[in-house]
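Undergrad: The structure file my_file23.cif (mmCIF, C-alpha atoms) is provided below.
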```cif
data_upload
#
loop_
_atom_site.group_PDB
_atom_site.id
_atom_site.type_symbol
_atom_site.label_atom_id
_atom_site.label_comp_id
_atom_site.auth_asym_id
_atom_site.auth_seq_id
_atom_site.Cartn_x
_atom_site.Cartn_y
_atom_site.Cartn_z
ATOM 1 C CA MET A 1 -51.701 -98.881 -118.938
ATOM 2 C CA PRO A 2 -50.058 -98.165 -115.609
ATOM 3 C CA SER A 3 -52.351 -97.946 -112.613
ATOM 4 C CA ILE A 4 -51.339 -95.181 -110.180
ATOM 5 C CA PHE A 5 -53.664 -96.033 -107.292
ATOM 6 C CA SER A 6 -57.120 -97.374 -106.479
ATOM 7 C CA VAL A 7 -59.617 -96.027 -103.983
ATOM 8 C CA GLY A 8 -63.249 -96.915 -103.294
ATOM 9 C CA GLY A 9 -63.405 -99.223 -106.308
ATOM 10 C CA TYR A 10 -62.076 -96.504 -108.647
ATOM 11 C CA LYS A 11 -58.806 -96.877 -110.578
ATOM 12 C CA VAL A 12 -56.611 -93.883 -111.351
ATOM 13 C CA PHE A 13 -54.381 -94.651 -114.332
ATOM 14 C CA PHE A 14 -52.614 -93.480 -117.529
ATOM 15 C CA TRP A 15 -53.206 -94.754 -121.032
ATOM 16 C CA SER A 16 -49.783 -95.738 -122.384
ATOM 17 C CA ASN A 17 -50.248 -93.989 -125.740
ATOM 18 C CA GLU A 18 -51.106 -90.496 -124.464
ATOM 19 C CA ASN A 19 -47.727 -88.958 -123.655
ATOM 20 C CA ASN A 20 -48.205 -86.466 -126.515
ATOM 21 C CA GLU A 21 -50.812 -84.682 -124.371
ATOM 22 C CA PRO A 22 -50.363 -82.609 -121.202
ATOM 23 C CA ILE A 23 -50.125 -84.668 -118.017
ATOM 24 C CA HIS A 24 -53.433 -86.193 -116.987
ATOM 25 C CA VAL A 25 -54.987 -89.256 -115.403
ATOM 26 C CA HIS A 26 -58.075 -91.292 -116.143
ATOM 27 C CA ILE A 27 -60.499 -92.618 -113.549
ATOM 28 C CA THR A 28 -62.969 -95.457 -113.869
ATOM 29 C CA LYS A 29 -64.757 -97.976 -111.718
ATOM 30 C CA GLY A 30 -63.894 -101.507 -112.729
ATOM 31 C CA GLN A 31 -61.955 -102.186 -115.901
ATOM 32 C CA PRO A 32 -60.412 -99.218 -117.758
ATOM 33 C CA ASN A 33 -62.400 -98.295 -120.839
ATOM 34 C CA ALA A 34 -62.745 -95.563 -123.469
ATOM 35 C CA ALA A 35 -65.425 -93.835 -121.370
ATOM 36 C CA SER A 36 -63.134 -93.183 -118.430
ATOM 37 C CA THR A 37 -63.177 -89.763 -116.790
ATOM 38 C CA LYS A 38 -60.170 -87.570 -117.634
ATOM 39 C CA ILE A 39 -58.457 -85.162 -115.205
ATOM 40 C CA TRP A 40 -55.750 -82.656 -116.209
ATOM 41 C CA LEU A 41 -53.002 -81.793 -113.707
ATOM 42 C CA THR A 42 -51.995 -78.127 -113.490
ATOM 43 C CA LYS A 43 -48.600 -76.493 -112.852
ATOM 44 C CA ASN A 44 -49.686 -75.203 -109.443
ATOM 45 C CA GLY A 45 -50.476 -78.673 -108.065
ATOM 46 C CA GLY A 46 -54.184 -78.672 -108.814
ATOM 47 C CA CYS A 47 -56.346 -80.560 -111.235
ATOM 48 C CA ILE A 48 -59.203 -79.825 -113.639
ATOM 49 C CA ILE A 49 -61.909 -82.121 -114.983
ATOM 50 C CA ALA A 50 -61.451 -82.539 -118.739
ATOM 51 C CA ASN A 51 -64.527 -84.769 -118.993
ATOM 52 C CA ASN A 52 -66.663 -87.048 -116.880
ATOM 53 C CA LYS A 53 -67.605 -89.589 -119.547
ATOM 54 C CA ASP A 54 -67.768 -92.307 -116.897
ATOM 55 C CA ARG A 55 -70.437 -90.239 -115.091
ATOM 56 C CA ILE A 56 -68.814 -90.500 -111.694
ATOM 57 C CA PRO A 57 -71.162 -88.966 -109.103
ATOM 58 C CA ASN A 58 -70.053 -85.475 -107.992
ATOM 59 C CA LYS A 59 -69.598 -86.583 -104.380
ATOM 60 C CA ASP A 60 -67.171 -89.321 -105.457
ATOM 61 C CA LEU A 61 -65.497 -87.122 -108.052
ATOM 62 C CA ASP A 62 -64.804 -84.403 -105.472
ATOM 63 C CA LYS A 63 -63.085 -86.954 -103.215
ATOM 64 C CA LEU A 64 -61.131 -88.390 -106.136
ATOM 65 C CA MET A 65 -59.955 -84.916 -107.146
ATOM 66 C CA GLU A 66 -58.700 -84.381 -103.582
ATOM 67 C CA MET A 67 -56.816 -87.682 -103.787
ATOM 68 C CA ILE A 68 -55.277 -86.714 -107.129
ATOM 69 C CA GLN A 69 -54.103 -83.412 -105.672
ATOM 70 C CA ALA A 70 -52.689 -85.214 -102.624
ATOM 71 C CA HIS A 71 -50.801 -87.605 -104.939
ATOM 72 C CA TYR A 72 -49.718 -84.860 -107.362
ATOM 73 C CA PHE A 73 -45.959 -85.396 -106.984
ATOM 74 C CA ILE A 74 -46.304 -89.173 -107.133
ATOM 75 C CA ILE A 75 -48.372 -88.886 -110.331
ATOM 76 C CA CYS A 76 -45.769 -86.551 -111.885
ATOM 77 C CA ALA A 77 -42.965 -88.953 -110.959
ATOM 78 C CA GLU A 78 -44.873 -91.932 -112.375
ATOM 79 C CA TRP A 79 -45.592 -89.994 -115.592
ATOM 80 C CA LYS A 80 -41.877 -89.229 -116.035
ATOM 81 C CA LYS A 81 -40.920 -92.815 -115.270
ATOM 82 C CA HIS A 82 -43.544 -94.425 -117.513
ATOM 83 C CA PHE A 83 -43.066 -92.093 -120.475
ATOM 84 C CA LYS A 84 -39.271 -91.878 -119.973
ATOM 85 C CA THR A 85 -39.106 -88.092 -119.910
ATOM 86 C CA ASP A 86 -37.639 -85.402 -117.683
ATOM 87 C CA GLU A 87 -40.119 -82.740 -118.755
ATOM 88 C CA ILE A 88 -43.862 -82.548 -118.228
ATOM 89 C CA GLN A 89 -46.305 -80.479 -120.242
ATOM 90 C CA PHE A 90 -49.212 -79.094 -118.222
ATOM 91 C CA TYR A 91 -52.708 -78.147 -119.381
ATOM 92 C CA CYS A 92 -52.367 -74.795 -117.597
#
```
Could you write out this structure as structure tokens?
TA:
Amino acid sequence: MPSIFSVGGYKVFFWSNENNEPIHVHITKGQPNAASTKIWLTKNGGCIIANNKDRIPNKDLDKLMEMIQAHYFIICAEWKKHFKTDEIQFYC
């Protein structure tokens, strides 16, 4: 489970067994768990909330989404590196 970055007590990370899905990250406060929030990355450099199971407050989630967009190319590079692939599937 590679951690991409942390901010404000939140971790942004991948689950190592999810490379069969379009590129996405999970966010949680504290230890990663099954109830982590899931964010899809889009082809145009944006991101979409898949779910907010961790119930991150909207104010925090908005800031985290901005951070994910700002780190878009780093996340894509880390995805390729971790999952040993040259191609990325996007949600949309």
Undergrad: Starting from the shown file, work through the PyMOL selection byres ((chain A and resi 35) around 6) and note down what comes out as a list in words.
TA: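 Selected by the PyMOL selection byres ((chain A and resi 35) around 6) in this file: Asn33, Ala34, Ser36, Lys53 and Asp54 of chain A.
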Undergrad: Residues picked by the PyMOL selection byres ((chain A and resi 61) around 12) here, as a PDB file with C-alpha atoms, in the coordinates of the input?
TA:
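Below you can see selection_15.pdb, which holds the result:
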```
ATOM      1  CA  VAL A   7     -59.617 -96.027-103.983  1.00  0.00           C
ATOM      2  CA  GLY A   8     -63.249 -96.915-103.294  1.00  0.00           C
ATOM      3  CA  TYR A  10     -62.076 -96.504-108.647  1.00  0.00           C
ATOM      4  CA  VAL A  12     -56.611 -93.883-111.351  1.00  0.00           C
ATOM      5  CA  HIS A  26     -58.075 -91.292-116.143  1.00  0.00           C
ATOM      6  CA  ILE A  27     -60.499 -92.618-113.549  1.00  0.00           C
ATOM      7  CA  THR A  28     -62.969 -95.457-113.869  1.00  0.00           C
ATOM      8  CA  LYS A  29     -64.757 -97.976-111.718  1.00  0.00           C
ATOM      9  CA  THR A  37     -63.177 -89.763-116.790  1.00  0.00           C
ATOM     10  CA  LYS A  38     -60.170 -87.570-117.634  1.00  0.00           C
ATOM     11  CA  ILE A  39     -58.457 -85.162-115.205  1.00  0.00           C
ATOM     12  CA  CYS A  47     -56.346 -80.560-111.235  1.00  0.00           C
ATOM     13  CA  ILE A  48     -59.203 -79.825-113.639  1.00  0.00           C
ATOM     14  CA  ILE A  49     -61.909 -82.121-114.983  1.00  0.00           C
ATOM     15  CA  ASN A  51     -64.527 -84.769-118.993  1.00  0.00           C
ATOM     16  CA  ASN A  52     -66.663 -87.048-116.880  1.00  0.00           C
ATOM     17  CA  LYS A  53     -67.605 -89.589-119.547  1.00  0.00           C
ATOM     18  CA  ASP A  54     -67.768 -92.307-116.897  1.00  0.00           C
ATOM     19  CA  ARG A  55     -70.437 -90.239-115.091  1.00  0.00           C
ATOM     20  CA  ILE A  56     -68.814 -90.500-111.694  1.00  0.00           C
ATOM     21  CA  PRO A  57     -71.162 -88.966-109.103  1.00  0.00           C
ATOM     22  CA  ASN A  58     -70.053 -85.475-107.992  1.00  0.00           C
ATOM     23  CA  LYS A  59     -69.598 -86.583-104.380  1.00  0.00           C
ATOM     24  CA  ASP A  60     -67.171 -89.321-105.457  1.00  0.00           C
ATOM     25  CA  ASP A  62     -64.804 -84.403-105.472  1.00  0.00           C
ATOM     26  CA  LYS A  63     -63.085 -86.954-103.215  1.00  0.00           C
ATOM     27  CA  LEU A  64     -61.131 -88.390-106.136  1.00  0.00           C
ATOM     28  CA  MET A  65     -59.955 -84.916-107.146  1.00  0.00           C
ATOM     29  CA  GLU A  66     -58.700 -84.381-103.582  1.00  0.00           C
ATOM     30  CA  MET A  67     -56.816 -87.682-103.787  1.00  0.00           C
ATOM     31  CA  ILE A  68     -55.277 -86.714-107.129  1.00  0.00           C
TER      32      ILE A  68
END
```
Undergrad: From the options A:Gln31, A:Phe73, A:Lys81, A:Ser16, which residue's atoms come nearest to A:Asn44, counting all atoms listed in the file?
TA: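 For A:Asn44, the nearest of the candidates is A:Phe73.
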Undergrad: In Å, rounded to a single decimal, give me how far atom CA of A:Gly9 is from atom CA of A:Phe90.
TA: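 Value for the atom CA of A:Phe90-atom CA of A:Gly9 distance: 27.4 Å.
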Undergrad: Please provide as a list in words all residues within 9 Å of A:Cys92, with the sequence filter that same-chain residues fewer than 5 positions apart are discarded (counting all atoms listed in the file).
TA: Pro22, Trp40, Leu41, Thr42, Lys43 and Asn44 of chain A
Undergrad: Hey, can you pull every residue with an atom no more than 10 Å from (-48.1, -84.2, -125.8), using all atoms listed in the file, and send it as a PyMOL selection string?
TA: chain A and resi 18-23+88-91
Undergrad: Please, what distance in Å, to one decimal, runs between atom CA of A:His24 and atom CA of A:Thr85?
TA: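 Result for atom CA of A:His24 versus atom CA of A:Thr85: 14.7 Å, one decimal.
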Undergrad: Atom CA of A:Ile4 to atom CA of A:His82: how many Å, to one decimal?
TA: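 If I compute the distance from atom CA of A:Ile4 to atom CA of A:His82, I get 10.7 Å.
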Undergrad: Nearest to A:Cys76 among A:Asn17, A:Gly46, A:Lys11, A:Met1, with distances taken over all atoms listed in the file: which residue is it?
TA: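 Of the candidates, the smallest distance to A:Cys76 is held by A:Gly46.
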Undergrad: Counting all atoms listed in the file, which residue out of A:Phe5, A:Asp86, A:Gly30, A:Gly45 sits closest to A:Ala70?
TA: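 Among the listed residues, the smallest separation from A:Ala70 belongs to A:Gly45.
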Undergrad: Draw an axis-aligned box over all listed atoms of stretch 47-64 of chain A, pad each side with 3 Å, and write its centre and edge lengths in Å, one decimal, as AutoDock Vina command-line options.
TA:
```
--center_x -63.8 --center_y -86.1 --center_z -111.4 --size_x 20.8 --size_y 18.5 --size_z 22.3
```
Undergrad: Assuming the input is short of atoms at stretch 71-89 of chain A, produce N, CA and C atoms for that part as a PDB file, in the coordinates of the input.
TA:
```
ATOM      1  N   HIS A  71     -51.797 -86.726-104.309  1.00  0.00           N
ATOM      2  CA  HIS A  71     -50.801 -87.605-104.939  1.00  0.00           C
ATOM      3  C   HIS A  71     -50.111 -86.929-106.132  1.00  0.00           C
ATOM      4  N   TYR A  72     -50.228 -85.630-106.225  1.00  0.00           N
ATOM      5  CA  TYR A  72     -49.718 -84.860-107.362  1.00  0.00           C
ATOM      6  C   TYR A  72     -48.266 -85.206-107.699  1.00  0.00           C
ATOM      7  N   PHE A  73     -47.377 -85.167-106.719  1.00  0.00           N
ATOM      8  CA  PHE A  73     -45.959 -85.396-106.984  1.00  0.00           C
ATOM      9  C   PHE A  73     -45.687 -86.854-107.346  1.00  0.00           C
ATOM     10  N   ILE A  74     -46.443 -87.753-106.777  1.00  0.00           N
ATOM     11  CA  ILE A  74     -46.304 -89.173-107.133  1.00  0.00           C
ATOM     12  C   ILE A  74     -46.755 -89.382-108.572  1.00  0.00           C
ATOM     13  N   ILE A  75     -47.872 -88.762-108.957  1.00  0.00           N
ATOM     14  CA  ILE A  75     -48.372 -88.886-110.331  1.00  0.00           C
ATOM     15  C   ILE A  75     -47.346 -88.321-111.310  1.00  0.00           C
ATOM     16  N   CYS A  76     -46.791 -87.150-111.014  1.00  0.00           N
ATOM     17  CA  CYS A  76     -45.769 -86.551-111.885  1.00  0.00           C
ATOM     18  C   CYS A  76     -44.564 -87.470-112.023  1.00  0.00           C
ATOM     19  N   ALA A  77     -44.115 -88.047-110.920  1.00  0.00           N
ATOM     20  CA  ALA A  77     -42.965 -88.953-110.959  1.00  0.00           C
ATOM     21  C   ALA A  77     -43.277 -90.204-111.781  1.00  0.00           C
ATOM     22  N   GLU A  78     -44.468 -90.745-111.614  1.00  0.00           N
ATOM     23  CA  GLU A  78     -44.873 -91.932-112.375  1.00  0.00           C
ATOM     24  C   GLU A  78     -44.990 -91.619-113.866  1.00  0.00           C
ATOM     25  N   TRP A  79     -45.490 -90.418-114.192  1.00  0.00           N
ATOM     26  CA  TRP A  79     -45.592 -89.994-115.592  1.00  0.00           C
ATOM     27  C   TRP A  79     -44.197 -89.961-116.229  1.00  0.00           C
ATOM     28  N   LYS A  80     -43.255 -89.322-115.523  1.00  0.00           N
ATOM     29  CA  LYS A  80     -41.877 -89.229-116.035  1.00  0.00           C
ATOM     30  C   LYS A  80     -41.264 -90.617-116.212  1.00  0.00           C
ATOM     31  N   LYS A  81     -41.475 -91.464-115.232  1.00  0.00           N
ATOM     32  CA  LYS A  81     -40.920 -92.815-115.270  1.00  0.00           C
ATOM     33  C   LYS A  81     -41.538 -93.625-116.414  1.00  0.00           C
ATOM     34  N   HIS A  82     -42.867 -93.605-116.505  1.00  0.00           N
ATOM     35  CA  HIS A  82     -43.544 -94.425-117.513  1.00  0.00           C
ATOM     36  C   HIS A  82     -43.245 -93.951-118.931  1.00  0.00           C
ATOM     37  N   PHE A  83     -43.266 -92.630-119.133  1.00  0.00           N
ATOM     38  CA  PHE A  83     -43.066 -92.093-120.475  1.00  0.00           C
ATOM     39  C   PHE A  83     -41.601 -91.734-120.756  1.00  0.00           C
ATOM     40  N   LYS A  84     -40.718 -92.069-119.820  1.00  0.00           N
ATOM     41  CA  LYS A  84     -39.271 -91.878-119.973  1.00  0.00           C
ATOM     42  C   LYS A  84     -38.944 -90.455-120.431  1.00  0.00           C
ATOM     43  N   THR A  85     -39.345 -89.494-119.604  1.00  0.00           N
ATOM     44  CA  THR A  85     -39.106 -88.092-119.910  1.00  0.00           C
ATOM     45  C   THR A  85     -38.719 -87.344-118.640  1.00  0.00           C
ATOM     46  N   ASP A  86     -37.992 -86.257-118.816  1.00  0.00           N
ATOM     47  CA  ASP A  86     -37.639 -85.402-117.683  1.00  0.00           C
ATOM     48  C   ASP A  86     -38.533 -84.176-117.611  1.00  0.00           C
ATOM     49  N   GLU A  87     -39.267 -83.923-118.696  1.00  0.00           N
ATOM     50  CA  GLU A  87     -40.119 -82.740-118.755  1.00  0.00           C
ATOM     51  C   GLU A  87     -41.583 -83.140-118.831  1.00  0.00           C
ATOM     52  N   ILE A  88     -42.413 -82.327-118.218  1.00  0.00           N
ATOM     53  CA  ILE A  88     -43.862 -82.548-118.228  1.00  0.00           C
ATOM     54  C   ILE A  88     -44.530 -81.324-118.819  1.00  0.00           C
ATOM     55  N   GLN A  89     -45.455 -81.548-119.736  1.00  0.00           N
ATOM     56  CA  GLN A  89     -46.305 -80.479-120.242  1.00  0.00           C
ATOM     57  C   GLN A  89     -47.555 -80.453-119.375  1.00  0.00           C
TER      58      GLN A  89
END
```
